[in-house]
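Presented below is the structure to which this report refers.
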Amino acid sequence: KAGVTQTPRYLIKTRGQQVTLSCSPISGHRSVSWYQQTPGQGLQFLFEYFSETQRNKGNFPGRFSGRQFSNSRSEMNVSTLELGDSALYLCASSLSGENYNEQFFGPGTRLTVL
Amino acid sequence: QKEVEQNSGPLSVPEGAIASLNCTYSDRVSQSFFWYRQYSGKSPELIMSIYSNGDKEDGRFTAQLNKASQYVSLLIRDSQPSDSATYLCAAPRGGYSTLTFGKGTMLLVSP
């Protein structure tokens with residue numbers, strides 16, 4: 001079974017631009033979560049989607065948004081990029097999003113904001 | 001704020017030794033715990049899940065959970081240089097699988 005895929009793998013943007021990242025979960029998985037990883041803050045939760053609905057949201061500004069499609073694929077968008085948004089963005093999928101479900105991560109998208 | 005705490009390390013062990021990684025958590029409601037391994041420049045890889053008190057063994061890895069003490073650990077037997085990585089402990093947030101992560105413990109296994 002194919003794993004979680006994320007595109008693009010690397011991205012370089014300038015301040016003020018916007019960016020869209022894509023995630024395809026493991027086949028059959030309906031829950032997709034997004035995380036931001038930086039050296040200083042570690043892994044921080046952004047949001048979680050299940051059946052096209054955002055069920056859970058972390059403490060990030062409204063510039064960070066996402067959505068999920070009917071095939072469970074998900075996108076996240078960051079508008080008006082800031083230097084501090086430079087990070088590894090990780091997507092993880094799980095079967096149904098219950099708290100005992102295992103989450104599997106994609107390879108991540110490395111975003112650099114100049 | 002529900003917290004998951006880990007020593008940042010690095011934890012240095014010689015090849016063949018047992019590496020012991022520890023994690024404490026603040027949310028008494030947590031029922032599931034997960035250990036991830038992350039190599040430098042890579043994404044986290046799930047290596048162990050544990051749901052009940054006691055030990056769970058999988059090959060060279062043993063996870064131990066003590067809910068009364070709010071403590072979970074990972075033992076790596078016969079440590080290999082390829083085990084050198086950052087190990088992340090995680091627990092679910094609320095009723096969903098979304099995870100709160102510790103900052104991770106860096107393990108260095110020297111030949």
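By convention here, the chains of the structure tokens are called A, B, ... in the order presented, each chain's residues are numbered starting at 1, and ligands are numbered starting at 1 in the order presented.
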- Message: Distance cut-off 7 Å, counting only C-alpha atoms - which residues of chain B neighbour chain A? Return them as number ranges by chain.
- Response: B: 32, 42-46, 92, 95-98, 101, 103
- Selection: 9 Å around Glu15 (chain B), only C-alpha atoms, excl. self and same-chain fewer than 5 positions, as a list in words: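 Answer for this query is Asp78, Ser79, Gln80, Pro81, Val109, Ser110 and Pro111 of chain B.
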- Query: Which polymer residues have any atom within 9 Å of an atom of region 81-84 of chain A, counting only C-alpha atoms, with same-chain residues fewer than 4 positions away left out, as a count of residues only?
  - Reply: 11
- Message: Please report the interatomic distance between CA of Leu11 (chain B) and CA of Cys23 (chain B) in Å with one decimal.
- Response: 13.6 Å
- Message: So that I can check the secondary structure, give me every residue of region 52-92 of chain A assigned strand (DSSP E) by backbone DSSP, as an MDAnalysis selection string.
- Response: chainID A and resid 53:57 64:68 74:78 87:92
- Query: Suppose you want the space between CA of Ala91 (chain B) and CA of Gly62 (chain A); what is it in Å?
  - Reply: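 That distance, rounded to one decimal, is 25.3 Å.
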- Query: Contacts of region 55-60 of chain B at 9 Å or less, counting only C-alpha atoms, minus same-chain residues fewer than 2 places along, as a ChimeraX atom specification?
  - Reply: /B:47-50,52-53,62-65,75-79
- Task: Tell me, as a PyMOL selection string, which residues lie within 10 Å of Asn71 (chain A), counting only C-alpha atoms; anything in the same chain fewer than 4 positions away does not count.
- Result: chain A and resi 24-25+27-30+51-52
- Item | Length of the CA of Ser8 (chain B) to CA of Ala68 (chain B) vector [Å] |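 For CA of Ser8 (chain B) relative to CA of Ala68 (chain B), the distance reads 23.6 Å.
Shortest separation to Ser12 (chain B) among B:Arg37, B:Ser30, B:Leu107, B:Leu74 occurs at residue B:Leu107, atoms counted being only C-alpha atoms.
Minimum distance to Ile12 (chain A) across A:Ser86, A:Gln36, A:Ser72, A:Ser79 (counting only C-alpha atoms) occurs at A:Ser86.
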